[in-house]
Amino acid sequence: MDRRAFLGAAAMAAASPWLARAAEKAWQPAPNRIREALLEQARFQGYKQGVSGNKGVAVSTHPLATKAAIDAIKAGGNAVDAICAAALMQTVVEPHMTTITGVFSMLYYEAATGKSYYINGTNARPLNCPDLDLSKMAQEMGTADYVCVPGYWAGWQGAHDRFGKLSRKRVMAPSIHYAREGFEIHPFLFGEVFVEIGKIASHAEGREVFMPNKTIVQPGDRLYQKRYADLLEQLSEEGSGYFYHGGFAEKFSKVIQAAGGSITPEDFAQYEAFWDEPAKGAYRDYQLLASPPPDFGATDVAAVLQILQHADIGKMGAASESPETCHLMFKALDEVWADTLQANHSGEPQHWQQRLDPDLAARRYEKLSKGPARSPSDVLKVAANISQQNIEGVTTGSNHLSVVDGEGNVATVLHSCMALPWANGLFIDGTSICGSGVHYSSGMPERGAHFHSRIVPLMVLKDGKPVIACGSPSVSLYENLVQNVTNIIDCGMSIEESVNRPRFGGSWGMPARLIEQDMGAPVISALMEKDDVALDIVNPRQWLHGSFEGIHIQDGMTHACGDPRRTAVAMAV
């Protein structure tokens with residue numbers, strides 16, 4: 001080959017990724033009638049119908065987010081393109097649940113290689129963070145001292161750069177469009193805005209978005225986030241260079257310092273999302289893949305399941321109909337959670353291999369089969385001097401979503417504001433600044449380190465291939481997954497039947513465990529007779545019980561169903 005031909009070939013090779021992406025079909029927003037029909041689904045509903053497909057399935061808590069995932073798959077993208085498109089869309093359409101200043105941590109299974117990966121994009125403790133008196137968290141968690149270094153964008157871009165097929169601009173296009181052009185406010189969003197308007201309206205950018213013309217936005221009104229659209233446009237061009245090493249880092253630091261916090265551009269510059277080996281456990285003849293510590297949540301769920309495998313839940317019955325199953329689950333959940341808190345607060349958190357030791361699970365089962373449950377609230381008081389009222393209900397804002405594509409790649413991700421919505425009333429470039437420092441209650445990390453995060457990206461595999469990928473938001477995320485996974489595996493339920501069943505919820509710092517009224521009098525009465533059980537009977541489909549954002553792969557088909565406890569919607573290709 002002569003020099004001219006060689007240079008020409010080299011130039012074509014270098015340009016080929018650009019040429020491939022230049023040929024992408026541009027994303028088009030849904031026509032008005034379709035968008036309006038989709039938004040009608042963004043409601044708390046009764047019994048929800050499942051969907052099935054073999055070319056792509058997605059489930060999230062907002063129809064426009066789920067549609068963004070499906071559109072990415074239809075455009076030739078894979079599960080990571082789809083989940084990144086949907087997760088970013090949720091920062092636009094569910095700002096009460098998530099924000100780009102929060103976290104993004106993803107568990108991914110690559111079908112072609114059979115390998116699994118985990119990216120940790122949780123927040124980090126600032127380098128100059130002061131020593132905090134966590135006993136005063138209830139009074140201080142809305143201050144700038146509880147603002148941490150954002151991990152969302154590093155996790156999002158890290159996942160997409162490594163595994164995505166579509167261009168960043170194409171994946172971000174739906175979010176940019178609906179931030180700039182607006183979307184109709186659904187009742188859940190309105191309710192959260194109404195409750196939190198005092199904090200929102202304390203900042204000019206909050207008033208600009210949620211109180212135009214000095215009037216709170218109403219259900220059905222268009223919500224415009226044009227400053228945020230500008231930020232997303234800039235990130236589509238410059239990415240992490242702008243977010244962590246440029247203008248955004250500088251602006252963010254100035255906002256926080258003006259509010260009394262300690263974050264600096266140095267915090268942003270040293271931040272990195274990191275790839276990690278998923279935690280590995282076993283449940284009966286299934287394999288478990290879980291988010292590893294410091295994202296310890298799914299490791300805890302796997303540890304609970306490893307205890308439960310010593311009982312015949314199929315014979316005992318699902319938790320929705322068996323007080324014996326409920327009681328065993330209560331004790332296993334509290335045992336694992338208490339042990340994790342003690343380890344985290346000791347300054348020597350355990351590796352996932354220690355937490356998922358099969359012999360440990362057997363010893364725990366033997367102990368729990370003979371004795372009463374432990375109280376996680378008591379452990380919290382000992383471990384960190386945090387009282388119940390300080391931590392109760394501080395993490396109601398989160399999103400989880402799961403996607404499988406036609407090639408069998410599977411992604412499941414948690415992203416979140418990690419606290420109550422608009423916890424501190426601070427905004428930057430039209431989006432809220434999350435107060436994720438409330439998670440210091442799970443164990444204080446070293447300065448500059450990612451914090452201990454109770455999030456639950458989880459996969460269940462059979463013979464090395466995923467059969468379930470799932471997660472949940474809310475204080476009840478452990479309880480949510482344990483009940484739904486055992487419903488599907490042990491009791492043979494479809495995912496549609498499982499998510500529509502009544503269930504119990506979380507006790508993270510709460511004085512009593514939540515249980516839905518339609519669990520029925522026989523189950524509730526039998527549980528209330530036990531000395532180590534305190535119950536708070538709540539309404540059917542209680543929203544604090546989270547949303548099972550799961551997919552079930554069976555006989556070559558993928559199944560999903562929106563959870564009626566949230567505004568969840570599943571779609572299939």
# chains A, B, ... in the order shown; residues from 1 in each chain; ligands from 1
$ closest_atom_pairs --of "region 180-296 of chain A" --to "region 129-144 of chain A" --cutoff "10 Å" --atoms "only C-alpha atoms" --output "CSV"
residue,atom,partner,partner_atom,distance
A:Lys199,CA,A:Gly142,CA,9.4
A:Val255,CA,A:Ala144,CA,9.3
A:Ile256,CA,A:Ala144,CA,6.0
A:Gln257,CA,A:Ala144,CA,7.9
A:Ala258,CA,A:Ala144,CA,9.0
A:Ala259,CA,A:Ala144,CA,5.9
A:Gly260,CA,A:Ala144,CA,5.9
A:Gly261,CA,A:Ala144,CA,4.6
A:Ser262,CA,A:Cys129,CA,5.9
A:Ile263,CA,A:Cys129,CA,7.6
$ write_last_selection --atoms "N, CA, C and O atoms" --output "mmCIF file, in the first residue's frame"
data_model
loop_
_atom_site.group_PDB
_atom_site.id
_atom_site.type_symbol
_atom_site.label_atom_id
_atom_site.label_comp_id
_atom_site.auth_asym_id
_atom_site.auth_seq_id
_atom_site.Cartn_x
_atom_site.Cartn_y
_atom_site.Cartn_z
ATOM 1 N N LYS A 199 -39.214 24.807 51.134
ATOM 2 C CA LYS A 199 -37.788 24.674 50.840
ATOM 3 C C LYS A 199 -37.487 25.036 49.388
ATOM 4 O O LYS A 199 -36.504 25.722 49.099
ATOM 5 N N VAL A 255 -21.705 27.745 45.360
ATOM 6 C CA VAL A 255 -23.040 27.677 45.951
ATOM 7 C C VAL A 255 -22.966 27.054 47.339
ATOM 8 O O VAL A 255 -23.564 27.555 48.304
ATOM 9 N N ILE A 256 -22.228 25.962 47.463
ATOM 10 C CA ILE A 256 -22.157 25.259 48.746
ATOM 11 C C ILE A 256 -21.386 26.074 49.780
ATOM 12 O O ILE A 256 -21.783 26.161 50.950
ATOM 13 N N GLN A 257 -20.288 26.691 49.384
ATOM 14 C CA GLN A 257 -19.518 27.500 50.335
ATOM 15 C C GLN A 257 -20.332 28.705 50.808
ATOM 16 O O GLN A 257 -20.277 29.084 51.992
ATOM 17 N N ALA A 258 -21.112 29.301 49.907
ATOM 18 C CA ALA A 258 -21.950 30.427 50.302
ATOM 19 C C ALA A 258 -23.014 30.006 51.303
ATOM 20 O O ALA A 258 -23.472 30.816 52.122
ATOM 21 N N ALA A 259 -23.401 28.716 51.249
ATOM 22 C CA ALA A 259 -24.405 28.201 52.177
ATOM 23 C C ALA A 259 -23.777 27.638 53.448
ATOM 24 O O ALA A 259 -24.491 27.073 54.288
ATOM 25 N N GLY A 260 -22.445 27.752 53.578
ATOM 26 C CA GLY A 260 -21.772 27.296 54.783
ATOM 27 C C GLY A 260 -21.123 25.947 54.693
ATOM 28 O O GLY A 260 -20.596 25.431 55.685
ATOM 29 N N GLY A 261 -21.116 25.340 53.489
ATOM 30 C CA GLY A 261 -20.507 24.027 53.315
ATOM 31 C C GLY A 261 -19.044 24.101 52.957
ATOM 32 O O GLY A 261 -18.454 25.180 52.853
ATOM 33 N N SER A 262 -18.440 22.923 52.730
ATOM 34 C CA SER A 262 -16.983 22.859 52.591
ATOM 35 C C SER A 262 -16.498 22.353 51.241
ATOM 36 O O SER A 262 -15.292 22.224 51.028
ATOM 37 N N ILE A 263 -17.380 22.057 50.310
ATOM 38 C CA ILE A 263 -16.955 21.465 49.033
ATOM 39 C C ILE A 263 -16.155 22.468 48.207
ATOM 40 O O ILE A 263 -16.493 23.653 48.136
#
$ select_by_dssp --residues "region 172-289 of chain A" --states "alpha helix (DSSP H)" --output "ChimeraX atom specification"
/A:172-181,187-200,204-210,226-238,240-245,247-258,265-270
$ select_by_dssp --residues "region 83-226 of chain A" --states "strand (DSSP E)" --output "number ranges by chain"
A: 103-110, 115-120, 183-184, 222-223
$ closest_residue --among "A:Ala343, A:Ala411, A:Val460, A:Ile428" --to "Met444 (chain A)" --atoms "only C-alpha atoms"
A:Ala343
$ closest_residue --among "A:Pro466, A:Gly198, A:Gly550, A:Gly425" --to "Thr412 (chain A)" --atoms "only C-alpha atoms"
A:Gly550
$ closest_residue --among "A:Glu479, A:Tyr47, A:Ser346, A:Lys67" --to "Asn500 (chain A)" --atoms "only C-alpha atoms"
A:Tyr47
$ closest_residue --among "A:Asp276, A:Asp555, A:Glu348, A:Asp563" --to "Tyr117 (chain A)" --atoms "only C-alpha atoms"
A:Asp276
$ closest_residue --among "A:Ala279, A:Val499, A:Leu544, A:Ile515" --to "Pro293 (chain A)" --atoms "only C-alpha atoms"
A:Ala279
$ closest_residue --among "A:Leu514, A:Gly435, A:Asn128, A:Ala449" --to "Gly102 (chain A)" --atoms "only C-alpha atoms"
A:Gly435
$ atom_distance --atom1 "CA of Leu420 (chain A)" --atom2 "CA of Gly151 (chain A)"
17.8 Å
$ decode --residues "region 185-243 of chain A" --atoms "C-alpha atoms" --output "mmCIF file, in the first residue's frame"
data_model
loop_
_atom_site.group_PDB
_atom_site.id
_atom_site.type_symbol
_atom_site.label_atom_id
_atom_site.label_comp_id
_atom_site.auth_asym_id
_atom_site.auth_seq_id
_atom_site.Cartn_x
_atom_site.Cartn_y
_atom_site.Cartn_z
ATOM 1 C CA ILE A 185 -46.998 17.453 35.855
ATOM 2 C CA HIS A 186 -48.320 14.176 37.233
ATOM 3 C CA PRO A 187 -50.101 13.988 40.620
ATOM 4 C CA PHE A 188 -47.180 12.372 42.503
ATOM 5 C CA LEU A 189 -44.821 15.171 41.495
ATOM 6 C CA PHE A 190 -47.409 17.815 42.361
ATOM 7 C CA GLY A 191 -47.977 16.301 45.789
ATOM 8 C CA GLU A 192 -44.268 16.357 46.618
ATOM 9 C CA VAL A 193 -43.880 19.923 45.338
ATOM 10 C CA PHE A 194 -46.877 21.004 47.412
ATOM 11 C CA VAL A 195 -45.428 19.471 50.586
ATOM 12 C CA GLU A 196 -41.904 20.824 50.042
ATOM 13 C CA ILE A 197 -42.669 24.216 48.478
ATOM 14 C CA GLY A 198 -41.269 26.060 51.496
ATOM 15 C CA LYS A 199 -37.788 24.674 50.840
ATOM 16 C CA ILE A 200 -38.117 24.868 47.059
ATOM 17 C CA ALA A 201 -39.206 28.515 47.098
ATOM 18 C CA SER A 202 -36.314 29.560 49.331
ATOM 19 C CA HIS A 203 -34.112 29.589 46.200
ATOM 20 C CA ALA A 204 -34.681 31.788 43.123
ATOM 21 C CA GLU A 205 -34.129 28.848 40.740
ATOM 22 C CA GLY A 206 -36.662 26.784 42.672
ATOM 23 C CA ARG A 207 -39.250 29.511 42.338
ATOM 24 C CA GLU A 208 -38.443 29.913 38.648
ATOM 25 C CA VAL A 209 -39.303 26.274 37.929
ATOM 26 C CA PHE A 210 -42.004 25.445 40.469
ATOM 27 C CA MET A 211 -43.608 28.850 41.167
ATOM 28 C CA PRO A 212 -43.727 30.742 37.873
ATOM 29 C CA ASN A 213 -45.771 33.918 38.275
ATOM 30 C CA LYS A 214 -45.552 33.397 42.074
ATOM 31 C CA THR A 215 -48.069 30.543 41.825
ATOM 32 C CA ILE A 216 -47.319 26.910 42.570
ATOM 33 C CA VAL A 217 -47.524 24.687 39.503
ATOM 34 C CA GLN A 218 -50.633 22.502 39.233
ATOM 35 C CA PRO A 219 -51.277 18.944 38.009
ATOM 36 C CA GLY A 220 -51.451 18.984 34.242
ATOM 37 C CA ASP A 221 -49.405 22.196 33.909
ATOM 38 C CA ARG A 222 -46.253 22.065 31.818
ATOM 39 C CA LEU A 223 -43.077 22.033 33.908
ATOM 40 C CA TYR A 224 -40.184 23.821 32.197
ATOM 41 C CA GLN A 225 -36.554 23.396 33.323
ATOM 42 C CA LYS A 226 -34.694 25.477 30.760
ATOM 43 C CA ARG A 227 -31.609 26.129 32.887
ATOM 44 C CA TYR A 228 -31.285 22.392 33.401
ATOM 45 C CA ALA A 229 -31.696 21.807 29.659
ATOM 46 C CA ASP A 230 -28.753 24.162 29.085
ATOM 47 C CA LEU A 231 -26.649 22.168 31.555
ATOM 48 C CA LEU A 232 -27.543 18.895 29.865
ATOM 49 C CA GLU A 233 -26.673 20.366 26.467
ATOM 50 C CA GLN A 234 -23.250 21.362 27.769
ATOM 51 C CA LEU A 235 -22.692 17.934 29.298
ATOM 52 C CA SER A 236 -23.624 16.280 26.020
ATOM 53 C CA GLU A 237 -20.727 18.209 24.474
ATOM 54 C CA GLU A 238 -18.111 18.298 27.245
ATOM 55 C CA GLY A 239 -19.083 15.546 29.672
ATOM 56 C CA SER A 240 -16.991 14.948 32.785
ATOM 57 C CA GLY A 241 -14.457 17.564 31.757
ATOM 58 C CA TYR A 242 -17.065 20.240 32.425
ATOM 59 C CA PHE A 243 -18.753 18.522 35.384
#
